[in-house]
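Asker: Quick one: this structure, given as structure tokens, is what I'll be asking you about.
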Amino acid sequence: MKPLAPLLLSLLFLTSQTVLSFKREEFRNCHQTPFCKRSRARSPGACTLTPHSISISNGDLTATLLSKNDDQIRPLILSLSVYQDGILRLKIDEDYDHPDPAAPKRRFQVPDVIVPDFESKKLWLHRLSTETVGGESSPSTVVYLSDGYDAVLRHDPFEIYIRDKKSGNQKLISLNSHQLFDFEQLRVKQEKQDSDNTEDSGSDDNWEERFRSHTDKRPYGPQSISFDVSFYNAEFVSGIPEHATSLALKPTRGPGVEKDSEPYRLFNLDVFEYLNESPFGLYGSIPLMISHGKEGRSAGFFWLNAAEMQIDVLGDGWDAESGIELVKQKSIDTFWMSEAGIVDAFFFVGPGPKDVVKQYTSVTGRPSMPQLFSIAYHQCRWNYRDEEDVANVDAKFDEHDIPYDVLWLDIEHTDGKRYFTWDPVLFPNPEEMQKKLAAKGRHMVTIVDPHIKRDDSFSLHKEATEKGYYVKDASEKDFDGWCWPGSSSYLDMVNPEIRSWWGDKFSYENYVGSTPSLYIWNDMNEPSVFNGPEVTMPRDALHHGGIEHRELHNAYGYYFHMATSNGLLKRGGGNDRPFVLSRAFFPGSQRYGSVWTGDNTADWDHLRVSVPMILTLGLTGISFSGADVGGFFGNPEPELLVRWYQLGAFYPFFRAHAHQDTKRREPWLFGEKNTRLIREAIRVRYMLLPYFYTLFREANTTGLPVMRPLWMEFPSDETTFSNDEAFMVGSSLLVQGIYTERAKYASVYLPGKELWYDIRTGATYKGGKTHKLVASEESVPAFQRAGTIIPRKDRLRRSSTQMVNDPYTLVIALNSSQAAEGELYIDDGKSYEFLQGAFIHRRFVFANGKLTSINLAPSSTSKSQFSSTCIIERIILLGYSPGPKNALIEPANQEVQVELGPLMLEGGRGSSVVTIRKPAVQVSDDWTIKIFVRTIQVSSNSPRRIEKSPQLEYCSELLDWIQFHECSCHENI
């Protein structure tokens, strides 16, 4: 029997996680965070560093940074590296070769994030040039970056910036232009101190820090880094997820900003029912910021650092009293502060927003290609009670004719919160349960968290203990914290050996009861520690290689996600694409699976903020993301739930999820009308799966997000800059959410000069203006952009797996030139054979009345081939004038009818649209379809001669008219 005190403590923490809402006082603010407080107190001009011994080494510019005041412990080493596509890398670290005093250890540099291929893109420098730039009094060292851009190292005062030669050598982005750079160096506490030496005094806060009842040791003293970064000619900046804020980041310091305002915090935390419009850090951290300005100009800055980070966006006039005279070029200034690590920063020149995202993902990796089933609809709850509950929910989807692909099980499915196990009473036959779902083309996801129950009878814990695989506490004992199982330890995933060991646990032999249709959910991997400071692991915990947790905290969940994904990859013999959902994330997470925005709440504000949160994730490389539909906490009113489904159907990751204390909310529990509305919303997603899958392939090859801000597609349209209520799905669809209760109207801005077509009715709306539309309860406003072609599948089945062989529909939205184009990507939806060329990739082009299918797949000699027997059964022409027409298919030399038909087979409204029915062309083939008009030329010797020949479909239809006029006819195409 366990002692009473631990049982009571466990109950306290578990209860607190289920009944208490967010309490701000349980988390640090900047004033309570020593490095943030110190950094924010610095004034412009405080930096005294200057570069010396500038030279080229291993193709990089290198220099030694020395303080004018001779107050450094050791010199700092700077290097600048140039890469293809306009990427500049800056590294600044301590000089570990300096003997007096030697560094007590090396500072942590984050491994396993930068993809190996990136280094092959390095441009080796061969020469440096020195020039005096503009009216500056000191020289600068200049290196070529890319066509139109130079990187400049200014000597005194020290500054690094990129200049745009095409705009008169104006600055694009700079570091340390306000001289705020500071680098606290590692030290060792001296046992005997001189009485006058307060800097190393054991009585101050240099060697430990306290928050509430917790104390973290700092064995190497303060080691923070801070500097300013300026983005020139920018109208706004965005990025640095994760925060529940607007897409355009608001100032946190400066005139008009509250005195006690907080910086944007990047510190992975378990924050439930998080606050809306708060800079408070949530579950993941990506230190990438993107600026955007007039004329569509974008640039980016990325700091690869896994320690806690705080970032200020500085409002105009923040430095008015600094006394520093700067050449005034319009800029947005930001201030970056981190507790530890090194400077490992990347500058991206753009020039457009898509270019910046491509450049960033060339460094950290393109998003993985998901399995087809995973981009369909997921049904989740904490928790489906037992196998009977699972069977009933599955059957109800079929009864109500609602498709879904994945059913999820939360922590209660396990045997006493021991992961890789099943409750023997509630889930006695897990394989049979999964096989019943798989028979309908459906899958299951189970949860596996990083906290391991400290139970000597639990083989996983016993083995991890024996092998020494747990994170250690400051005294080098296995760290013991509290989470769902009670007393728990946490695997040290920064160690590759431990990641490999963990991956083996997903084999069918080790994960007894798992099947090939089972995939994984990583929750609580910030890591969440209920009795830790700020509900996380203490900063003085120790990892492999003596790394302090403070140095890698934000990357812990990333390594756990990586290890789980690689485990599923190993389970499938390397040819089954893993699906792993993670709550915590870091740069590079896009390579290992999807994420979601965490424990949101069933209210309209959280529906509204889900859009900028997902957009920000997409801008920073994570395309496969979503928010819990309906809100995790609370009980949504039916109207809110319906609106969330209607919007969530366009999220890249589409999952409904709910807390165990909420009422059941499966789609059929809110009355017949609401069931119908939810069903139609889910069906829209299934109808658009070919389009979504094509976009995920685009993300996989280019890094471009599936869900995009309007300004990414219309970068010069200033009206889009502050709009984060609407978004683009790819380049062809615009979606506007409805975020207020009982809304009667929706205000929708449609950018560009071309028309937009309502995807349900085909109604047209002019671009470049705001439209006040009736807020239909049937759907949220969604429009197809003129000039695009969207592939659909209109036959709806139980799951996406059962739709694989169904025919396609092409929806052609014509622009003012009566032209359009689009793409379709198809592969087997599950394996990696596509990497060997086993896929179909077509471009469809409509121009001059002719639709052409063009092969985009490169020719391949590989044995891996992919074929499809799917055909195109409908081609819809929006914006094409109706009338009697036919279509000729080549090379088959076959004619088919052009007629009026419904835009949507189910749930659509409005007029019929011009449709080519049953062209029956193979989706994998080259072909053309030419629309033509049959002209009937009529001649007669009668006095009633026809001056104009009528255009009609067939002569036979006018037989009576021809006979009456004693005419003859022939057909012209």
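Each chain in the structure tokens gets a letter, A, B and so on, in the order shown; residues start at 1 in every chain, and ligands are counted from 1 in the order they appear.
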Can you tell me which residues surround region 235-243 of chain A at a distance of at most 6 Å, considering only C-alpha atoms, apart from same-chain residues fewer than 3 positions away, and format the answer as a ChimeraX atom specification?

Answerer: /A:247-249,279,281-282,284-293,616

Asker: Can you pull out the residues contacting region 22-31 of chain A? Cut-off 9 Å, using only C-alpha atoms, and skip same-chain residues under 6 positions away; I want them as a list in words.

Answerer: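 Once the adjacent positions are removed, what remains is Lys37, Arg38, Arg40, Phe211, Arg212, Glu262, Pro263, Arg265, Val271, Phe272, Glu273, Tyr274, Leu275, Phe280, Gln310, Pro533, Glu534 and Val535 of chain A.
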
Asker: I need the strand (DSSP E) residues of region 156-371 of chain A per DSSP on the backbone, written as a ChimeraX atom specification.

Answerer: /A:159-164,170-175,182-183,208-211,214-217,225-232,236-239,264-266,288-292,298-303,309-314,331-338,343-348

Asker: DSSP on the backbone: what in region 711-877 of chain A comes out helix (DSSP H, G or I), as a list of chain:residue names?

Answerer: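 Restricting region 711-877 of chain A to helix (DSSP H, G or I) produces A:Trp711, A:Met712, A:Glu713, A:Glu718, A:Thr719, A:Thr720, A:Ser800, A:Thr801, A:Gln802, A:Met803, A:Glu833, A:Phe834, A:Leu835, A:Gln836.
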
Asker: In Å, with one decimal, what is the gap from CA of Ile225 (chain A) to CA of Trp303 (chain A)?

Answerer: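 Interatomic distance here is 11.4 Å.
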